[in-house]
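These notes concern the structure reproduced below.
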Amino acid sequence: MDLEQSFLKHLAPTTNSPMALTFSKARGVHLFDPEGNKYLDMISGICVANVGHSHPDVVSAIHEQVDSYMHLMVYGEYIQKKQITYAELVTRTLSDQLQCVYWVNSGTEATEGAFKLAKRITGRSEIISFKGSYHGSTLGALSAMGYEKYKRAYRPLIPGHRQLNYNDVKSLNEISSHTAAVIVECIQAGSGYTQGTKEFICDLAMRCSELGTLLIVDECQTGFGRTGTLFAHQLYGITPDILCLGKALGGGLPLGAFISSKENMKKLSHDPMLGHITTFGGNPVSCAAGQAALEVLIASDWMSSVNELGAMVTNALIDHPKIKRLQGIGLLISVFLDSPEIVIKIQKKLIERKIISNFFLFEDKALRITPPLCIKKKELKHFTSNLIEVLNEL
């Protein structure tokens, strides 16, 4: 049995038609198959490899931590240096109200922890999210998902969840004194990088503050430099009560976090104690990788170039007759086309040209473009020229 057959037999499927590509190495913006063919990665493992694949500083930090120790004990019991130093580094980039980190394993778990914390703090039960939103796939996060297609097979879900219309300021009046929390993406990742308007996001923050409702901002995809700032909420001048992080947080290894104030986080330690618990959250190797990746990002000039690089892509594509519109910010770009079938055709044609792209969970007429932030102009030009050629062939 070859590797592909074994993949299809022994690994649980997520679709009936996975890409089923085999790679043996990844460096920077490229993936390499067993024959040594080089593929340009234009999706960064879905916003994970923001500093590129296998950055030498990240790999070195992983080796150093593995040589010291790996898992020791469930999260929160032992003093583990990398959990602390990484928390210190992350919180230095955030406001004074976001200084206490709860490490988990993924963005989905960060969502779940944030919901529990909000209910514990407010004593309320209602959670509000927005249509078109994605916050994870476990039952609580799924209940907050703003797209019915992926929910209906698993109902009944968690009670007390409602979805409002995104970018609809009037709908914010439905937030009430019964609402524990509102969870929002400043830029909706699953819907083709739909941006929240300044008015909508700021009015949402104000409405939550007036009612004692906690504002949870999900930055699992938008965080760590993709918008030209470390975090997208910083573009809007707001401060969430709880911030959820994942994906690029771990520098290529599994890691998530929800972050709030020390006063808020103390609620999870009593009545009952162990109000939230995780075995592998804050794994020291993942924290070492994430810290090294964030240090690389901060020391680089990549964030200052993100919007210029994004504009380079959109300027090259915007006038093509087969492209309906372009959406996004920085290196979060969606290319809207005529149909889902065309998106799949283009994706396959690009793979033939050794370029990796992807679709969106809720927007199947758009092509996802989220390359590592270290990508060079010549590599982006290689992508756009190939995409234009593929479009012309259709």
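Identifiers in this document derive from the order of the structure tokens: chains are assigned A, B, ..., residues are numbered from 1 separately in each chain, and ligands are numbered from 1 in order of occurrence.
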
Practice problem: Excluding Asp33 in chain A and any residue of its chain fewer than 5 positions from it, enumerate the residues within 7 Å of it, using only C-alpha atoms, and give them as a ChimeraX atom specification. | Solution: /A:22-25,38

Exercise. Could you please write out, as a count of residues only, every residue of range 31-236 of chain A that DSSP assigns to strand (DSSP E)?
Key: 35

Quiz item: Mind pulling up the distance from CA of Ser54 in chain A to CA of Arg27 in chain A?
Solution: 5.5 Å

So that I can check the surroundings of Ser357 in chain A, please list as a tab-separated table (two decimals) with N, CA and C atoms, in the first residue's frame every protein, DNA and RNA residue that reaches within 12 Å of it, counting only C-alpha atoms and ignoring chain neighbours fewer than 4 positions away.
chain	number	residue	atom	x	y	z
A	19	MET	N	-7.07	17.47	-1.65
A	19	MET	CA	-6.01	17.72	-2.64
A	19	MET	C	-5.03	16.55	-2.73
A	39	TYR	N	6.74	24.15	-4.75
A	39	TYR	CA	5.42	24.77	-4.87
A	39	TYR	C	5.40	26.08	-4.08
A	40	LEU	N	4.82	27.11	-4.67
A	40	LEU	CA	4.65	28.38	-3.98
A	40	LEU	C	3.39	28.31	-3.11
A	41	ASP	N	3.55	28.52	-1.82
A	41	ASP	CA	2.44	28.41	-0.87
A	41	ASP	C	1.78	29.78	-0.72
A	42	MET	N	0.60	29.92	-1.30
A	42	MET	CA	-0.12	31.19	-1.23
A	42	MET	C	-1.21	31.19	-0.17
A	43	ILE	N	-1.19	30.20	0.74
A	43	ILE	CA	-2.21	30.17	1.80
A	43	ILE	C	-1.62	30.00	3.20
A	44	SER	N	-0.31	29.75	3.31
A	44	SER	CA	0.37	29.68	4.61
A	44	SER	C	-0.25	28.67	5.56
A	45	GLY	N	-0.73	27.54	5.02
A	45	GLY	CA	-1.40	26.58	5.89
A	45	GLY	C	-2.65	27.17	6.52
A	46	ILE	N	-3.33	28.07	5.82
A	46	ILE	CA	-4.46	28.88	6.30
A	46	ILE	C	-4.02	29.78	7.46
A	47	CYS	N	-3.18	30.73	7.11
A	47	CYS	CA	-2.76	31.81	8.03
A	47	CYS	C	-1.98	31.30	9.24
A	333	ILE	N	-6.55	38.35	1.17
A	333	ILE	CA	-7.15	38.74	-0.11
A	333	ILE	C	-8.08	37.64	-0.62
A	334	SER	N	-9.24	38.06	-1.10
A	334	SER	CA	-10.15	37.11	-1.75
A	334	SER	C	-10.41	37.60	-3.17
A	335	VAL	N	-10.39	36.64	-4.10
A	335	VAL	CA	-10.60	36.91	-5.51
A	335	VAL	C	-11.94	36.29	-5.89
A	343	VAL	N	-13.76	28.38	-9.44
A	343	VAL	CA	-12.77	28.44	-8.36
A	343	VAL	C	-12.00	27.13	-8.27
A	344	ILE	N	-12.72	26.00	-8.30
A	344	ILE	CA	-12.06	24.69	-8.22
A	344	ILE	C	-11.17	24.45	-9.44
A	345	LYS	N	-11.64	24.83	-10.62
A	345	LYS	CA	-10.82	24.68	-11.83
A	345	LYS	C	-9.52	25.48	-11.71
A	346	ILE	N	-9.63	26.70	-11.25
A	346	ILE	CA	-8.44	27.55	-11.12
A	346	ILE	C	-7.49	26.98	-10.08
A	347	GLN	N	-8.04	26.52	-8.98
A	347	GLN	CA	-7.21	25.93	-7.94
A	347	GLN	C	-6.42	24.75	-8.50
A	348	LYS	N	-7.08	23.89	-9.27
A	348	LYS	CA	-6.40	22.72	-9.85
A	348	LYS	C	-5.37	23.13	-10.90
A	349	LYS	N	-5.71	24.13	-11.71
A	349	LYS	CA	-4.77	24.60	-12.73
A	349	LYS	C	-3.53	25.23	-12.08
A	350	LEU	N	-3.73	25.93	-10.99
A	350	LEU	CA	-2.59	26.52	-10.28
A	350	LEU	C	-1.70	25.44	-9.66
A	351	ILE	N	-2.33	24.39	-9.16
A	351	ILE	CA	-1.53	23.28	-8.63
A	351	ILE	C	-0.66	22.68	-9.72
A	352	GLU	N	-1.22	22.55	-10.92
A	352	GLU	CA	-0.41	22.06	-12.05
A	352	GLU	C	0.80	22.95	-12.30
A	353	ARG	N	0.66	24.23	-11.98
A	353	ARG	CA	1.75	25.19	-12.13
A	353	ARG	C	2.57	25.34	-10.85
A	366	ALA	N	-15.00	32.38	-4.26
A	366	ALA	CA	-13.80	33.20	-4.08
A	366	ALA	C	-12.57	32.34	-3.84
A	367	LEU	N	-11.45	32.81	-4.35
A	367	LEU	CA	-10.15	32.17	-4.17
A	367	LEU	C	-9.42	32.87	-3.03
A	368	ARG	N	-8.85	32.08	-2.12
A	368	ARG	CA	-8.17	32.62	-0.94
A	368	ARG	C	-6.69	32.86	-1.23
A	369	ILE	N	-6.21	34.07	-0.89
A	369	ILE	CA	-4.80	34.42	-1.06
A	369	ILE	C	-4.26	34.94	0.26
A	370	THR	N	-3.46	34.11	0.95
A	370	THR	CA	-2.87	34.51	2.23
A	370	THR	C	-1.45	33.95	2.33
A	371	PRO	N	-0.51	34.48	1.57
A	371	PRO	CA	0.85	33.95	1.59
A	371	PRO	C	1.59	34.31	2.87
A	383	PHE	N	2.98	34.61	-8.97
A	383	PHE	CA	1.62	34.16	-8.71
A	383	PHE	C	0.61	34.88	-9.59
A	384	THR	N	0.63	36.21	-9.59
A	384	THR	CA	-0.39	36.95	-10.33
A	384	THR	C	-0.30	36.68	-11.83
A	386	ASN	N	0.73	33.95	-13.29
A	386	ASN	CA	0.18	32.61	-13.52
A	386	ASN	C	-1.33	32.58	-13.37
A	387	LEU	N	-1.85	33.28	-12.38
A	387	LEU	CA	-3.30	33.34	-12.21
A	387	LEU	C	-3.96	33.98	-13.44

Quiz item: Which residue out of A:Lys376, A:His233, A:His382, A:Lys151 has the minimum interatomic distance to Asp218 in chain A when only C-alpha atoms are used?
Solution: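 Comparing A:Lys376, A:His233, A:His382, A:Lys151 against Asp218 in chain A, the winner is A:His233.
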
Quiz item: Counting only C-alpha atoms, what is within 9 Å of range 277-281 of chain A, bar same-chain residues fewer than 4 positions away, as a ChimeraX atom specification?
Solution: /A:71,73-76,102-106,254-257

Quick one: write out the picked residues with N, CA and C atoms as a PDB file, in the first residue's frame?
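Wrote it out as again.pdb, contents follow:
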ATOM      1  N   HIS A  71       6.276  17.916  27.523  1.00  0.00           N
ATOM      2  CA  HIS A  71       5.157  18.012  28.449  1.00  0.00           C
ATOM      3  C   HIS A  71       5.579  17.586  29.858  1.00  0.00           C
ATOM      4  N   MET A  73       3.186  18.635  32.867  1.00  0.00           N
ATOM      5  CA  MET A  73       2.001  18.569  33.718  1.00  0.00           C
ATOM      6  C   MET A  73       0.885  19.355  33.048  1.00  0.00           C
ATOM      7  N   VAL A  74      -0.348  19.100  33.440  1.00  0.00           N
ATOM      8  CA  VAL A  74      -1.465  19.871  32.885  1.00  0.00           C
ATOM      9  C   VAL A  74      -1.225  21.355  33.101  1.00  0.00           C
ATOM     10  N   TYR A  75      -1.799  22.161  32.217  1.00  0.00           N
ATOM     11  CA  TYR A  75      -1.591  23.602  32.241  1.00  0.00           C
ATOM     12  C   TYR A  75      -1.980  24.213  33.589  1.00  0.00           C
ATOM     13  N   GLY A  76      -1.145  25.114  34.069  1.00  0.00           N
ATOM     14  CA  GLY A  76      -1.466  25.909  35.245  1.00  0.00           C
ATOM     15  C   GLY A  76      -0.884  25.430  36.549  1.00  0.00           C
ATOM     16  N   TYR A 102      -4.584  32.741  28.984  1.00  0.00           N
ATOM     17  CA  TYR A 102      -4.886  31.333  29.240  1.00  0.00           C
ATOM     18  C   TYR A 102      -4.519  30.570  27.974  1.00  0.00           C
ATOM     19  N   TRP A 103      -3.484  29.737  28.069  1.00  0.00           N
ATOM     20  CA  TRP A 103      -3.014  28.966  26.919  1.00  0.00           C
ATOM     21  C   TRP A 103      -3.897  27.742  26.694  1.00  0.00           C
ATOM     22  N   VAL A 104      -4.269  27.519  25.445  1.00  0.00           N
ATOM     23  CA  VAL A 104      -4.989  26.306  25.050  1.00  0.00           C
ATOM     24  C   VAL A 104      -4.293  25.728  23.810  1.00  0.00           C
ATOM     25  N   ASN A 105      -4.966  24.845  23.090  1.00  0.00           N
ATOM     26  CA  ASN A 105      -4.327  24.148  21.968  1.00  0.00           C
ATOM     27  C   ASN A 105      -4.690  24.692  20.594  1.00  0.00           C
ATOM     28  N   SER A 106      -5.770  25.459  20.502  1.00  0.00           N
ATOM     29  CA  SER A 106      -6.264  25.868  19.187  1.00  0.00           C
ATOM     30  C   SER A 106      -7.175  27.067  19.327  1.00  0.00           C
ATOM     31  N   PRO A 254       0.776  23.596  17.211  1.00  0.00           N
ATOM     32  CA  PRO A 254      -0.570  23.844  17.738  1.00  0.00           C
ATOM     33  C   PRO A 254      -0.533  24.705  18.998  1.00  0.00           C
ATOM     34  N   LEU A 255      -1.259  25.803  18.971  1.00  0.00           N
ATOM     35  CA  LEU A 255      -1.335  26.689  20.132  1.00  0.00           C
ATOM     36  C   LEU A 255      -2.505  27.644  19.953  1.00  0.00           C
ATOM     37  N   GLY A 256      -3.221  27.886  21.030  1.00  0.00           N
ATOM     38  CA  GLY A 256      -4.285  28.874  21.056  1.00  0.00           C
ATOM     39  C   GLY A 256      -4.242  29.606  22.376  1.00  0.00           C
ATOM     40  N   ALA A 257      -5.010  30.685  22.478  1.00  0.00           N
ATOM     41  CA  ALA A 257      -5.053  31.432  23.737  1.00  0.00           C
ATOM     42  C   ALA A 257      -6.298  32.301  23.769  1.00  0.00           C
TER      43      ALA A 257
END

Quiz prompt | Residue neighbourhood range 295-302 of chain A, 7 Å, only C-alpha atoms, exclusion window fewer than 3 positions, as a VMD selection string | solution = chain A and resid 51 291 to 292 305 to 306 373 to 374

What would the file look like if the residues just selected were written as a PDB file, in the first residue's frame with C-alpha atoms?
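And here is the file that came out, out-v6.pdb:
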ATOM      1  CA  VAL A  51       6.841  34.098   9.148  1.00  0.00           C
ATOM      2  CA  GLN A 291       7.653  33.181  20.852  1.00  0.00           C
ATOM      3  CA  ALA A 292      10.468  32.799  18.327  1.00  0.00           C
ATOM      4  CA  SER A 305       5.249  46.044   3.630  1.00  0.00           C
ATOM      5  CA  VAL A 306       2.022  44.073   3.978  1.00  0.00           C
ATOM      6  CA  LEU A 373       4.365  37.680   5.174  1.00  0.00           C
ATOM      7  CA  CYS A 374       7.980  37.145   4.132  1.00  0.00           C
TER       8      CYS A 374
END

Quiz item: Smallest atom-to-atom distance to Asn264 in chain A: which of A:Val90, A:Ile127, A:Leu31, A:Ile242, using only C-alpha atoms?
Solution: A:Ile242

Tell me which protein, DNA and RNA residues are within 10 Å of Pro284 in chain A, counting only C-alpha atoms, leaving out same-chain ones fewer than 2 positions away, and put them as an mmCIF file with N, CA and C atoms, in the first residue's frame.
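Output contents, as saved in around-v5.cif:
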data_model
loop_
_atom_site.group_PDB
_atom_site.id
_atom_site.type_symbol
_atom_site.label_atom_id
_atom_site.label_comp_id
_atom_site.auth_asym_id
_atom_site.auth_seq_id
_atom_site.Cartn_x
_atom_site.Cartn_y
_atom_site.Cartn_z
ATOM 1 N N ILE A 62 12.677 25.460 18.905
ATOM 2 C CA ILE A 62 12.045 24.156 19.136
ATOM 3 C C ILE A 62 13.083 23.146 19.614
ATOM 4 N N GLN A 65 14.105 23.833 23.220
ATOM 5 C CA GLN A 65 13.101 23.462 24.211
ATOM 6 C C GLN A 65 12.969 21.941 24.322
ATOM 7 N N VAL A 66 12.999 21.234 23.205
ATOM 8 C CA VAL A 66 12.905 19.773 23.233
ATOM 9 C C VAL A 66 14.069 19.176 24.018
ATOM 10 N N SER A 68 15.418 20.461 26.521
ATOM 11 C CA SER A 68 15.203 20.715 27.947
ATOM 12 C C SER A 68 14.069 19.854 28.499
ATOM 13 N N TYR A 69 12.904 20.007 27.946
ATOM 14 C CA TYR A 69 11.760 19.169 28.329
ATOM 15 C C TYR A 69 10.612 19.445 27.383
ATOM 16 N N MET A 70 9.655 18.508 27.362
ATOM 17 C CA MET A 70 8.420 18.691 26.612
ATOM 18 C C MET A 70 7.269 18.772 27.621
ATOM 19 N N HIS A 71 6.276 17.916 27.523
ATOM 20 C CA HIS A 71 5.157 18.012 28.449
ATOM 21 C C HIS A 71 5.579 17.586 29.858
ATOM 22 N N LEU A 72 5.180 18.379 30.853
ATOM 23 C CA LEU A 72 5.463 18.046 32.244
ATOM 24 C C LEU A 72 4.204 17.777 33.054
ATOM 25 N N GLN A 80 6.481 27.081 34.036
ATOM 26 C CA GLN A 80 7.217 26.685 32.838
ATOM 27 C C GLN A 80 7.640 27.954 32.091
ATOM 28 N N LYS A 81 8.929 28.119 31.915
ATOM 29 C CA LYS A 81 9.501 29.379 31.462
ATOM 30 C C LYS A 81 8.895 29.872 30.166
ATOM 31 N N LYS A 82 8.759 29.014 29.147
ATOM 32 C CA LYS A 82 8.307 29.478 27.845
ATOM 33 C C LYS A 82 6.845 29.910 27.860
ATOM 34 N N GLN A 83 6.031 29.285 28.698
ATOM 35 C CA GLN A 83 4.660 29.762 28.844
ATOM 36 C C GLN A 83 4.650 31.201 29.349
ATOM 37 N N ILE A 84 5.569 31.499 30.265
ATOM 38 C CA ILE A 84 5.604 32.824 30.888
ATOM 39 C C ILE A 84 6.211 33.867 29.948
ATOM 40 N N TYR A 86 6.561 33.851 26.748
ATOM 41 C CA TYR A 86 5.747 34.128 25.566
ATOM 42 C C TYR A 86 4.529 34.966 25.955
ATOM 43 N N LEU A 255 -1.259 25.803 18.971
ATOM 44 C CA LEU A 255 -1.335 26.689 20.132
ATOM 45 C C LEU A 255 -2.505 27.644 19.953
ATOM 46 N N PHE A 280 -2.777 19.804 27.395
ATOM 47 C CA PHE A 280 -1.642 20.214 26.562
ATOM 48 C C PHE A 280 -1.612 21.699 26.238
ATOM 49 N N GLY A 281 -2.581 22.476 26.696
ATOM 50 C CA GLY A 281 -2.573 23.909 26.437
ATOM 51 C C GLY A 281 -1.280 24.542 26.928
ATOM 52 N N GLY A 282 -0.682 25.401 26.096
ATOM 53 C CA GLY A 282 0.588 26.010 26.480
ATOM 54 C C GLY A 282 1.741 25.040 26.464
ATOM 55 N N SER A 286 5.447 24.315 21.796
ATOM 56 C CA SER A 286 4.628 25.229 20.998
ATOM 57 C C SER A 286 4.863 26.678 21.419
ATOM 58 N N CYS A 287 4.962 26.915 22.716
ATOM 59 C CA CYS A 287 5.213 28.278 23.191
ATOM 60 C C CYS A 287 6.584 28.778 22.738
ATOM 61 N N ALA A 288 7.580 27.896 22.746
ATOM 62 C CA ALA A 288 8.914 28.277 22.278
ATOM 63 C C ALA A 288 8.883 28.649 20.806
ATOM 64 N N ALA A 289 8.166 27.859 20.010
ATOM 65 C CA ALA A 289 8.050 28.145 18.582
ATOM 66 C C ALA A 289 7.309 29.450 18.344
ATOM 67 N N GLY A 290 6.205 29.644 19.053
ATOM 68 C CA GLY A 290 5.413 30.851 18.882
ATOM 69 C C GLY A 290 6.164 32.102 19.287
#

Self-check item: Selected residue of minimal separation from Gln327 in chain A among A:Thr314, A:Gly246, A:Glu210, A:Ile238, counting only C-alpha atoms
Solution: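 Of A:Thr314, A:Gly246, A:Glu210, A:Ile238, the one nearest Gln327 in chain A, counting only C-alpha atoms, is A:Thr314.
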
Quiz prompt | Using only C-alpha atoms: which of A:Gly132, A:Gly140, A:Pro240, A:Gly330 has the shortest distance to Val182 in chain A | solution =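 Closest to Val182 in chain A, using only C-alpha atoms: A:Pro240.
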
Exercise. Pick out the residues sitting within 9 Å of Glu199 in chain A, and hand them over as an NGL selection string; count only C-alpha atoms, and ignore anything fewer than 4 positions along from it in its own chain.
Key: :A and (167 or 169 or 203-204)
